[in-house]
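Novice: Sharing start39.cif here; it has mmCIF, C-alpha atoms and all ligand atoms.
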```
data_start
#
loop_
_atom_site.label_atom_id
_atom_site.label_comp_id
_atom_site.auth_asym_id
_atom_site.auth_seq_id
_atom_site.Cartn_x
_atom_site.Cartn_y
_atom_site.Cartn_z
CA MET A 414 138.13 157.17 116.12
CA VAL A 415 137.68 160.93 115.89
CA GLU A 416 139.86 163.15 118.04
CA ILE A 417 139.34 166.91 118.20
CA ARG A 418 141.53 169.25 120.24
CA ASN A 419 141.31 173.02 120.67
CA LEU A 420 139.25 173.34 117.51
CA LYS A 421 138.11 176.80 116.51
CA LYS A 422 136.39 177.89 113.34
CA ARG A 423 136.09 181.62 112.77
CA TYR A 424 134.55 183.62 109.99
CA GLY A 425 136.04 187.08 110.30
CA GLU A 426 135.70 188.14 113.93
CA ARG A 427 133.02 185.59 114.64
CA THR A 428 133.78 182.18 116.20
CA VAL A 429 131.17 179.73 114.95
CA LEU A 430 132.72 176.60 116.48
CA ASP A 431 134.78 176.20 119.66
CA LEU A 432 135.51 172.64 120.76
CA PRO A 433 138.34 172.30 123.29
CA GLN A 434 138.19 168.50 123.37
CA LEU A 435 135.96 165.94 121.71
CA THR A 436 136.60 162.24 121.20
CA ILE A 437 134.29 159.88 119.32
CA ALA A 438 135.05 156.17 119.58
CA GLN A 439 135.11 153.87 116.58
CA GLY A 440 131.66 152.37 116.06
CA GLU A 441 129.81 155.05 118.01
CA THR A 442 126.65 156.62 116.55
CA VAL A 443 126.46 160.30 117.45
CA ALA A 444 123.55 162.67 116.87
CA LEU A 445 124.40 166.37 116.63
CA ALA A 446 121.55 168.65 117.65
CA GLY A 447 121.27 172.40 118.09
CA ALA A 448 119.46 175.40 116.68
CA ASN A 449 119.96 176.83 113.20
CA GLY A 450 123.44 178.30 113.00
CA SER A 451 124.78 176.39 116.04
CA GLY A 452 127.64 174.86 114.02
CA LYS A 453 126.44 171.37 113.08
CA THR A 454 127.19 171.62 109.35
CA THR A 455 130.46 173.42 110.05
CA LEU A 456 131.60 170.56 112.29
CA LEU A 457 130.56 167.90 109.77
CA ARG A 458 132.34 169.72 106.94
CA ILE A 459 135.51 170.02 109.01
CA LEU A 460 135.35 166.28 109.82
CA ALA A 461 134.78 165.56 106.12
CA GLY A 462 137.87 167.59 105.24
CA LEU A 463 135.87 170.00 103.08
CA ILE A 464 136.77 173.07 105.10
CA LYS A 465 139.69 173.77 107.41
CA ALA A 466 139.55 174.68 111.06
CA THR A 467 140.98 178.08 111.94
CA ALA A 468 142.92 176.51 114.83
CA GLY A 469 143.34 173.16 116.52
CA THR A 470 143.74 169.57 115.42
CA VAL A 471 141.27 167.09 114.00
CA GLU A 472 142.06 163.42 113.53
CA THR A 473 139.68 161.19 111.62
CA PRO A 474 139.89 157.88 109.77
CA GLU A 475 140.91 158.34 106.13
CA GLN A 476 137.96 156.53 104.65
CA LYS A 477 134.95 158.76 105.15
CA LEU A 478 131.69 159.57 103.43
CA TYR A 479 129.72 162.79 103.70
CA MET A 480 126.12 163.44 102.79
CA PRO A 481 125.48 167.19 102.54
CA GLN A 482 122.41 168.92 103.94
CA GLN A 483 121.23 169.67 100.39
CA ALA A 484 120.33 166.45 98.52
CA TYR A 485 121.12 166.27 94.81
CA ALA A 486 120.85 163.95 91.83
CA PHE A 487 122.80 163.35 88.66
CA ARG A 488 121.27 162.83 85.24
CA GLY A 489 119.86 159.39 84.52
CA ASP A 490 117.57 157.07 86.43
CA LEU A 491 117.82 156.20 90.13
CA ARG A 492 119.70 152.95 89.58
CA ARG A 493 122.27 154.74 87.43
CA ASN A 494 122.69 157.43 90.09
CA ILE A 495 123.74 154.79 92.58
CA GLN A 496 125.90 152.90 90.10
CA LEU A 497 127.95 156.08 89.57
CA THR A 498 129.75 155.02 92.74
CA ARG A 499 130.65 151.75 90.97
CA ALA A 500 128.10 149.76 92.94
CA ASP A 501 126.85 146.85 90.87
CA ARG A 502 123.25 146.60 89.75
CA ALA A 503 122.26 144.12 92.47
CA GLU A 504 123.67 146.39 95.19
CA ALA A 505 121.93 149.43 93.69
CA ASP A 506 118.63 147.54 93.63
CA ARG A 507 119.10 146.28 97.18
CA LEU A 508 119.62 149.85 98.42
CA LEU A 509 116.65 151.18 96.42
CA GLN A 510 114.48 148.54 98.01
CA GLN A 511 115.86 149.21 101.48
CA LEU A 512 115.02 152.93 101.15
CA GLY A 513 111.57 152.29 99.64
CA LEU A 514 112.48 153.53 96.16
CA ASP A 515 112.47 150.29 94.18
CA HIS A 516 109.27 151.20 92.34
CA LEU A 517 111.09 154.29 91.01
CA SER A 518 114.37 152.65 89.96
CA GLU A 519 113.96 153.55 86.28
CA LYS A 520 112.59 157.02 86.84
CA LYS A 521 114.59 160.18 86.11
CA ALA A 522 116.37 161.07 89.34
CA THR A 523 115.99 164.80 88.71
CA SER A 524 112.20 164.42 88.86
CA LEU A 525 112.05 163.03 92.40
CA SER A 526 110.23 164.67 95.31
CA GLY A 527 112.32 166.18 98.11
CA GLY A 528 112.01 163.19 100.42
CA GLU A 529 112.63 160.71 97.61
CA LEU A 530 115.70 162.66 96.52
CA GLN A 531 117.06 162.67 100.05
CA ARG A 532 116.67 158.89 100.28
CA LEU A 533 118.36 158.47 96.88
CA SER A 534 121.29 160.58 98.13
CA LEU A 535 121.58 158.24 101.08
CA CYS A 536 121.51 155.18 98.77
CA ARG A 537 124.44 156.64 96.84
CA VAL A 538 126.41 157.22 100.03
CA LEU A 539 125.63 153.82 101.52
CA SER A 540 126.74 152.03 98.34
CA GLN A 541 130.34 152.78 99.37
CA ASP A 542 132.49 151.61 102.27
CA CYS A 543 133.80 153.89 104.98
CA ALA A 544 135.11 154.07 108.52
CA LEU A 545 133.37 157.39 109.26
CA LEU A 546 129.89 158.22 107.99
CA LEU A 547 128.93 161.90 108.16
CA LEU A 548 125.29 162.74 107.49
CA ASP A 549 123.90 166.27 107.55
CA GLU A 550 120.20 166.13 108.51
CA PRO A 551 119.54 162.81 106.73
CA THR A 552 115.79 162.79 107.46
CA SER A 553 114.96 166.51 107.13
CA ALA A 554 112.84 166.07 103.99
CA CYS A 555 111.34 162.68 104.88
CA ASP A 556 107.88 161.79 106.10
CA ALA A 557 107.60 159.48 109.14
CA ALA A 558 107.74 156.28 107.07
CA GLY A 559 110.68 157.56 105.01
CA ALA A 560 112.56 158.64 108.15
CA ALA A 561 112.06 155.17 109.64
CA LEU A 562 113.57 153.59 106.51
CA VAL A 563 116.54 155.97 106.72
CA VAL A 564 117.16 155.08 110.37
CA LYS A 565 117.00 151.35 109.58
CA ALA A 566 119.35 151.68 106.62
CA ILE A 567 121.92 153.65 108.61
CA GLU A 568 121.76 151.11 111.41
CA ALA A 569 122.15 148.16 109.02
CA TYR A 570 125.12 149.87 107.33
CA ARG A 571 126.78 150.59 110.67
CA ALA A 572 126.22 147.04 111.88
CA ALA A 573 127.72 145.62 108.68
CA CYS A 574 130.90 147.70 108.62
CA GLY A 575 131.40 148.87 112.22
CA CYS A 576 131.87 152.46 111.09
CA THR A 577 131.43 155.54 113.23
CA VAL A 578 128.36 157.64 112.42
CA VAL A 579 127.97 161.36 113.07
CA MET A 580 124.66 162.84 111.94
CA SER A 581 123.10 166.21 112.54
CA THR A 582 119.38 166.51 113.04
CA HIS A 583 116.48 168.67 114.17
CA SER A 584 114.43 165.55 114.79
CA PRO A 585 114.13 164.51 118.46
CA ALA A 586 113.12 161.02 117.29
CA LEU A 587 116.34 160.59 115.31
CA ALA A 588 118.50 162.06 118.08
CA LEU A 589 116.92 159.91 120.76
CA HIS A 590 116.36 156.62 118.99
CA ALA A 591 119.02 156.29 116.31
CA ALA A 592 122.07 157.42 118.28
CA ASP A 593 123.88 156.12 121.33
CA ARG A 594 125.30 159.56 122.05
CA LEU A 595 123.79 163.01 121.73
CA ILE A 596 125.86 166.17 121.41
CA VAL A 597 123.95 169.45 121.64
CA LEU A 598 125.62 172.53 120.18
CA ASN A 599 124.73 176.06 121.16
CA GLY A 600 126.47 178.92 119.38
CA GLY A 601 129.38 176.65 118.44
CA ASN A 602 129.87 175.28 121.96
CA VAL A 603 128.96 171.86 123.36
CA GLU A 604 126.03 172.39 125.69
CA ALA A 605 125.35 168.71 126.45
CA ASP A 606 127.12 165.48 125.59
CA GLY A 607 126.10 162.01 126.65
CA ALA A 608 123.59 159.20 126.31
CA PRO A 609 120.32 160.68 125.01
CA GLU A 610 118.30 159.28 127.91
CA ALA A 611 120.80 160.68 130.45
CA ILE A 612 120.60 164.16 128.89
CA LEU A 613 116.81 164.09 128.98
CA ALA A 614 116.72 162.77 132.55
CA ASN A 615 119.41 165.08 133.87
CA PRO A 616 120.37 167.95 131.55
CA GLU A 617 123.68 169.55 132.55
CA THR A 618 122.51 173.11 131.95
CA GLN A 619 119.30 175.10 132.06
CA TRP A 620 119.77 175.82 128.35
CA ALA A 621 119.99 172.08 127.51
CA LYS A 622 116.90 171.48 129.64
CA SER A 623 114.80 174.00 127.76
CA PHE A 624 116.21 172.90 124.38
CA THR A 625 115.09 169.31 124.98
CA ALA A 626 111.83 170.23 126.74
CA GLY A 627 109.03 168.26 125.11
CA TRP A 628 111.37 165.58 123.73
CA LYS A 629 110.02 162.15 124.58
CA LEU A 630 111.90 158.87 124.73
N1 LIG B 701 131.15 180.51 104.69
C1 LIG B 701 130.68 181.15 105.76
N2 LIG B 701 130.94 182.46 105.96
C2 LIG B 701 130.47 183.12 107.06
N3 LIG B 701 129.71 182.53 108.01
C3 LIG B 701 129.43 181.23 107.85
C4 LIG B 701 129.88 180.47 106.73
N4 LIG B 701 129.45 179.20 106.86
C5 LIG B 701 128.72 179.17 107.98
N5 LIG B 701 128.72 180.39 108.59
C6 LIG B 701 128.04 180.72 109.84
O1 LIG B 701 128.40 179.78 110.84
C7 LIG B 701 127.30 179.51 111.70
C8 LIG B 701 127.12 177.99 111.78
O2 LIG B 701 126.58 177.54 110.55
P1 LIG B 701 126.22 176.02 110.30
O3 LIG B 701 125.86 175.89 108.87
O4 LIG B 701 127.29 175.17 110.83
O5 LIG B 701 124.92 175.86 111.23
P2 LIG B 701 123.96 174.60 111.42
O6 LIG B 701 124.00 174.25 112.88
O7 LIG B 701 124.31 173.56 110.46
O8 LIG B 701 122.53 175.24 111.11
P3 LIG B 701 121.23 174.61 110.36
O9 LIG B 701 120.44 173.90 111.43
O10 LIG B 701 120.51 175.83 109.88
O11 LIG B 701 121.69 173.73 109.25
C9 LIG B 701 126.10 180.24 111.11
O12 LIG B 701 125.84 181.37 111.88
C10 LIG B 701 126.52 180.62 109.71
O13 LIG B 701 125.97 181.84 109.32
MG MG B 702 123.33 172.71 108.89
#
```
Can the structure in the file be given as structure tokens, please?

Specialist:
Amino acid sequence: MVEIRNLKKRYGERTVLDLPQLTIAQGETVALAGANGSGKTTLLRILAGLIKATAGTVETPEQKLYMPQQAYAFRGDLRRNIQLTRADRAEADRLLQQLGLDHLSEKKATSLSGGELQRLSLCRVLSQDCALLLLDEPTSACDAAGAALVVKAIEAYRAACGCTVVMSTHSPALALHAADRLIVLNGGNVEADGAPEAILANPETQWAKSFTAGWKL
């Protein structure tokens, strides 16, 4: 479970995140949406323990994994990149296949395309166990087929371990179809929070209505 109370993150005079109360139940899959600069990455990095809140309390499970917005690779081939997490070869190969990268397993990871690299980053994350999975725009570089593989892999991982998932996205498809709860941030504040279909059918604010205009279930 994730429990946030009176959380504020400020940079100088500017408050970039203001969350009076937010609870995420164990096993929930949450999509975080909102415009550039609305605070998605800041929230994920606070949950990951990478940066500190200016005020307030944040409780999370200890065992968590974080995939940053910027994908990266280490030297060596794709299989080796995954095995850096101590996954065995069979597990690395299973993940490569699941993310559609098995034909590249012996290729240099630093030579991958953007979408391939993003899927490799996800393989590395999913080769480890956690109670809280934090993904910053996991499909941003993927084509439609790649994004579908990412969604499936996240869902299979969550089903296997019962972890909580919090992922930011600019993709309506990911927000609507891969999550059971959608939180929309606007200038660091929660503008909408609920089941994706409920937010689309009955947005709480005019802002949330125009933000999700054109989104289709
Ligand atoms: N280290 C920092 N110093 C000052 N301001 C920062 C810092 N990190 C983030 N910000 C500001 O905080 C706000 C929220 O940034 P954040 O990265 O959380 O946005 P985001 O919702 O993830 O946006 P995007 O969709 O572009 O990834 C932005 O206006 C950003 O400029
Ligand atoms: Mg971001």

Novice: Extract, using all atoms listed in the file, all DNA, RNA and protein residues at most 8 Å from A:Ser534, discarding same-chain residues fewer than 3 positions from it, and format them as a ChimeraX atom specification.

Specialist: /A:480,484-486,530-531,537-538

Novice: Could those selected residues go to a file with C-alpha atoms, as a short mmCIF file (atom, residue, chain, number, x, y, z; two decimals), in the coordinates of the input?

Specialist:
```
data_model
loop_
_atom_site.label_atom_id
_atom_site.label_comp_id
_atom_site.auth_asym_id
_atom_site.auth_seq_id
_atom_site.Cartn_x
_atom_site.Cartn_y
_atom_site.Cartn_z
CA MET A 480 126.12 163.44 102.79
CA ALA A 484 120.33 166.45 98.52
CA TYR A 485 121.12 166.27 94.81
CA ALA A 486 120.85 163.95 91.83
CA LEU A 530 115.70 162.66 96.52
CA GLN A 531 117.06 162.67 100.05
CA ARG A 537 124.44 156.64 96.84
CA VAL A 538 126.41 157.22 100.03
#
```

Novice: Hey, can you check how far atom CA of A:Ile567 sits from atom CA of A:Ser526?

Specialist: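 Between atom CA of A:Ile567 and atom CA of A:Ser526 the gap is 20.9 Å.
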
Novice: For the atom pair atom CA of A:Lys477 and atom CA of A:Leu514, what is the interatomic distance in Å to one decimal place?

Specialist: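 Answer for the atom CA of A:Lys477 to atom CA of A:Leu514 separation: 24.8 Å.
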
Novice: From the list A:Ala561, A:Ala446, A:Ala468, A:Leu491, which residue is nearest A:Asn599 when using all atoms listed in the file?

Specialist: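 Distance minimum relative to A:Asn599 lands on A:Ala446.
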
Novice: Quick one: axis-aligned box around all listed atoms of ligand LIG 701 (chain B), 3 Å on every side, centre and edge lengths in Å to one decimal, written as lines of an AutoDock Vina configuration file.

Specialist:
```
center_x = 125.8
center_y = 178.3
center_z = 108.8
size_x = 16.7
size_y = 15.6
size_z = 14.2
```

Novice: Within 7 Å of ligand MG 702 (chain B), which residues show up when you count all atoms listed in the file? List them as a VMD selection string, please.

Specialist: chain A and resid 449 to 450 453 to 454 482 549

Novice: Would you list the contacts of stretch 606-609 of chain A as a list in words, taking every protein, DNA or RNA residue within 6 Å and counting all atoms listed in the file, but skipping same-chain residues closer than 3 positions in sequence?

Specialist: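 Close residues of stretch 606-609 of chain A: Leu589, Asp593, Arg594, Leu595, Ile596 and Ile612 of chain A.
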
Novice: Just how far from atom P1 of ligand LIG 701 (chain B) is atom CA of A:Lys465, in Å to one decimal?

Specialist: 14.0 Å

Novice: Can you spit out stretch 609-623 of chain A with all heavy atoms, as a JSON list (two decimals), in the first residue's frame, from the structure just given?

Specialist:
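Here's the written file part_20.json:
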```json
[["chain", "number", "residue", "atom", "x", "y", "z"],
["A", 609, "PRO", "N", -10.98, 4.76, -14.87],
["A", 609, "PRO", "CA", -10.87, 5.50, -16.13],
["A", 609, "PRO", "C", -12.22, 5.73, -16.81],
["A", 609, "PRO", "O", -12.52, 6.86, -17.25],
["A", 609, "PRO", "CB", -9.97, 4.60, -17.00],
["A", 609, "PRO", "CG", -9.18, 3.81, -16.02],
["A", 609, "PRO", "CD", -10.04, 3.63, -14.82],
["A", 610, "GLU", "N", -13.05, 4.70, -16.84],
["A", 610, "GLU", "CA", -14.34, 4.86, -17.53],
["A", 610, "GLU", "C", -15.24, 5.86, -16.81],
["A", 610, "GLU", "O", -15.99, 6.60, -17.44],
["A", 610, "GLU", "CB", -15.04, 3.50, -17.75],
["A", 610, "GLU", "CG", -15.22, 2.62, -16.54],
["A", 610, "GLU", "CD", -13.99, 1.76, -16.20],
["A", 610, "GLU", "OE1", -12.87, 2.06, -16.63],
["A", 610, "GLU", "OE2", -14.19, 0.79, -15.46],
["A", 611, "ALA", "N", -15.14, 5.92, -15.48],
["A", 611, "ALA", "CA", -15.95, 6.87, -14.70],
["A", 611, "ALA", "C", -15.49, 8.30, -14.97],
["A", 611, "ALA", "O", -16.31, 9.22, -15.11],
["A", 611, "ALA", "CB", -15.86, 6.55, -13.22],
["A", 612, "ILE", "N", -14.18, 8.50, -15.08],
["A", 612, "ILE", "CA", -13.66, 9.85, -15.35],
["A", 612, "ILE", "C", -14.09, 10.32, -16.74],
["A", 612, "ILE", "O", -14.49, 11.47, -16.93],
["A", 612, "ILE", "CB", -12.12, 9.87, -15.20],
["A", 612, "ILE", "CG1", -11.77, 9.68, -13.72],
["A", 612, "ILE", "CG2", -11.54, 11.19, -15.73],
["A", 612, "ILE", "CD1", -10.29, 9.63, -13.42],
["A", 613, "LEU", "N", -14.03, 9.40, -17.71],
["A", 613, "LEU", "CA", -14.46, 9.78, -19.06],
["A", 613, "LEU", "C", -15.95, 10.07, -19.10],
["A", 613, "LEU", "O", -16.39, 11.03, -19.74],
["A", 613, "LEU", "CB", -14.16, 8.64, -20.05],
["A", 613, "LEU", "CG", -12.75, 8.50, -20.56],
["A", 613, "LEU", "CD1", -12.74, 7.78, -21.90],
["A", 613, "LEU", "CD2", -12.07, 9.84, -20.70],
["A", 614, "ALA", "N", -16.74, 9.24, -18.41],
["A", 614, "ALA", "CA", -18.20, 9.39, -18.45],
["A", 614, "ALA", "C", -18.65, 10.62, -17.67],
["A", 614, "ALA", "O", -19.61, 11.28, -18.04],
["A", 614, "ALA", "CB", -18.86, 8.14, -17.89],
["A", 615, "ASN", "N", -17.92, 10.92, -16.59],
["A", 615, "ASN", "CA", -18.39, 11.97, -15.69],
["A", 615, "ASN", "C", -17.21, 12.71, -15.06],
["A", 615, "ASN", "O", -16.95, 12.57, -13.87],
["A", 615, "ASN", "CB", -19.26, 11.29, -14.62],
["A", 615, "ASN", "CG", -20.06, 12.29, -13.84],
["A", 615, "ASN", "OD1", -20.14, 13.46, -14.24],
["A", 615, "ASN", "ND2", -20.64, 11.86, -12.74],
["A", 616, "PRO", "N", -16.48, 13.49, -15.85],
["A", 616, "PRO", "CA", -15.30, 14.18, -15.31],
["A", 616, "PRO", "C", -15.71, 15.17, -14.20],
["A", 616, "PRO", "O", -16.73, 15.83, -14.32],
["A", 616, "PRO", "CB", -14.71, 14.90, -16.51],
["A", 616, "PRO", "CG", -15.72, 14.82, -17.59],
["A", 616, "PRO", "CD", -16.72, 13.78, -17.26],
["A", 617, "GLU", "N", -14.88, 15.19, -13.13],
["A", 617, "GLU", "CA", -15.27, 16.00, -11.96],
["A", 617, "GLU", "C", -15.14, 17.50, -12.24],
["A", 617, "GLU", "O", -15.80, 18.31, -11.61],
["A", 617, "GLU", "CB", -14.38, 15.63, -10.77],
["A", 617, "GLU", "CG", -14.64, 14.23, -10.23],
["A", 617, "GLU", "CD", -13.48, 13.67, -9.43],
["A", 617, "GLU", "OE1", -12.88, 14.41, -8.63],
["A", 617, "GLU", "OE2", -13.16, 12.48, -9.62],
["A", 618, "THR", "N", -14.24, 17.86, -13.14],
["A", 618, "THR", "CA", -14.04, 19.29, -13.40],
["A", 618, "THR", "C", -14.05, 19.55, -14.90],
["A", 618, "THR", "O", -13.82, 18.64, -15.71],
["A", 618, "THR", "CB", -12.68, 19.77, -12.85],
["A", 618, "THR", "OG1", -11.65, 19.07, -13.56],
["A", 618, "THR", "CG2", -12.54, 19.51, -11.36],
["A", 619, "GLN", "N", -14.27, 20.82, -15.23],
["A", 619, "GLN", "CA", -14.24, 21.23, -16.65],
["A", 619, "GLN", "C", -12.85, 20.96, -17.24],
["A", 619, "GLN", "O", -12.71, 20.52, -18.37],
["A", 619, "GLN", "CB", -14.58, 22.72, -16.74],
["A", 619, "GLN", "CG", -14.87, 23.21, -18.14],
["A", 619, "GLN", "CD", -15.97, 22.41, -18.85],
["A", 619, "GLN", "OE1", -17.00, 22.10, -18.25],
["A", 619, "GLN", "NE2", -15.74, 22.05, -20.10],
["A", 620, "TRP", "N", -11.83, 21.20, -16.41],
["A", 620, "TRP", "CA", -10.45, 20.99, -16.87],
["A", 620, "TRP", "C", -10.24, 19.52, -17.24],
["A", 620, "TRP", "O", -9.71, 19.20, -18.31],
["A", 620, "TRP", "CB", -9.44, 21.41, -15.79],
["A", 620, "TRP", "CG", -8.04, 21.40, -16.31],
["A", 620, "TRP", "CD1", -7.36, 22.45, -16.86],
["A", 620, "TRP", "CD2", -7.16, 20.27, -16.38],
["A", 620, "TRP", "NE1", -6.12, 22.04, -17.27],
["A", 620, "TRP", "CE2", -5.97, 20.71, -16.99],
["A", 620, "TRP", "CE3", -7.28, 18.93, -16.00],
["A", 620, "TRP", "CZ2", -4.89, 19.86, -17.22],
["A", 620, "TRP", "CZ3", -6.21, 18.08, -16.23],
["A", 620, "TRP", "CH2", -5.03, 18.55, -16.83],
["A", 621, "ALA", "N", -10.69, 18.60, -16.35],
["A", 621, "ALA", "CA", -10.52, 17.16, -16.61],
["A", 621, "ALA", "C", -11.30, 16.77, -17.86],
["A", 621, "ALA", "O", -10.86, 15.92, -18.65],
["A", 621, "ALA", "CB", -10.98, 16.35, -15.40],
["A", 622, "LYS", "N", -12.44, 17.40, -18.06],
["A", 622, "LYS", "CA", -13.26, 17.10, -19.23],
["A", 622, "LYS", "C", -12.51, 17.47, -20.51],
["A", 622, "LYS", "O", -12.44, 16.69, -21.45],
["A", 622, "LYS", "CB", -14.58, 17.86, -19.13],
["A", 622, "LYS", "CG", -15.55, 17.50, -20.22],
["A", 622, "LYS", "CD", -16.88, 18.19, -20.00],
["A", 622, "LYS", "CE", -17.84, 17.77, -21.10],
["A", 622, "LYS", "NZ", -19.17, 18.29, -20.87],
["A", 623, "SER", "N", -11.93, 18.67, -20.53],
["A", 623, "SER", "CA", -11.24, 19.05, -21.76],
["A", 623, "SER", "C", -9.93, 18.27, -21.92],
["A", 623, "SER", "O", -9.53, 17.96, -23.04],
["A", 623, "SER", "CB", -11.02, 20.56, -21.87],
["A", 623, "SER", "OG", -10.68, 21.10, -20.65]]
```
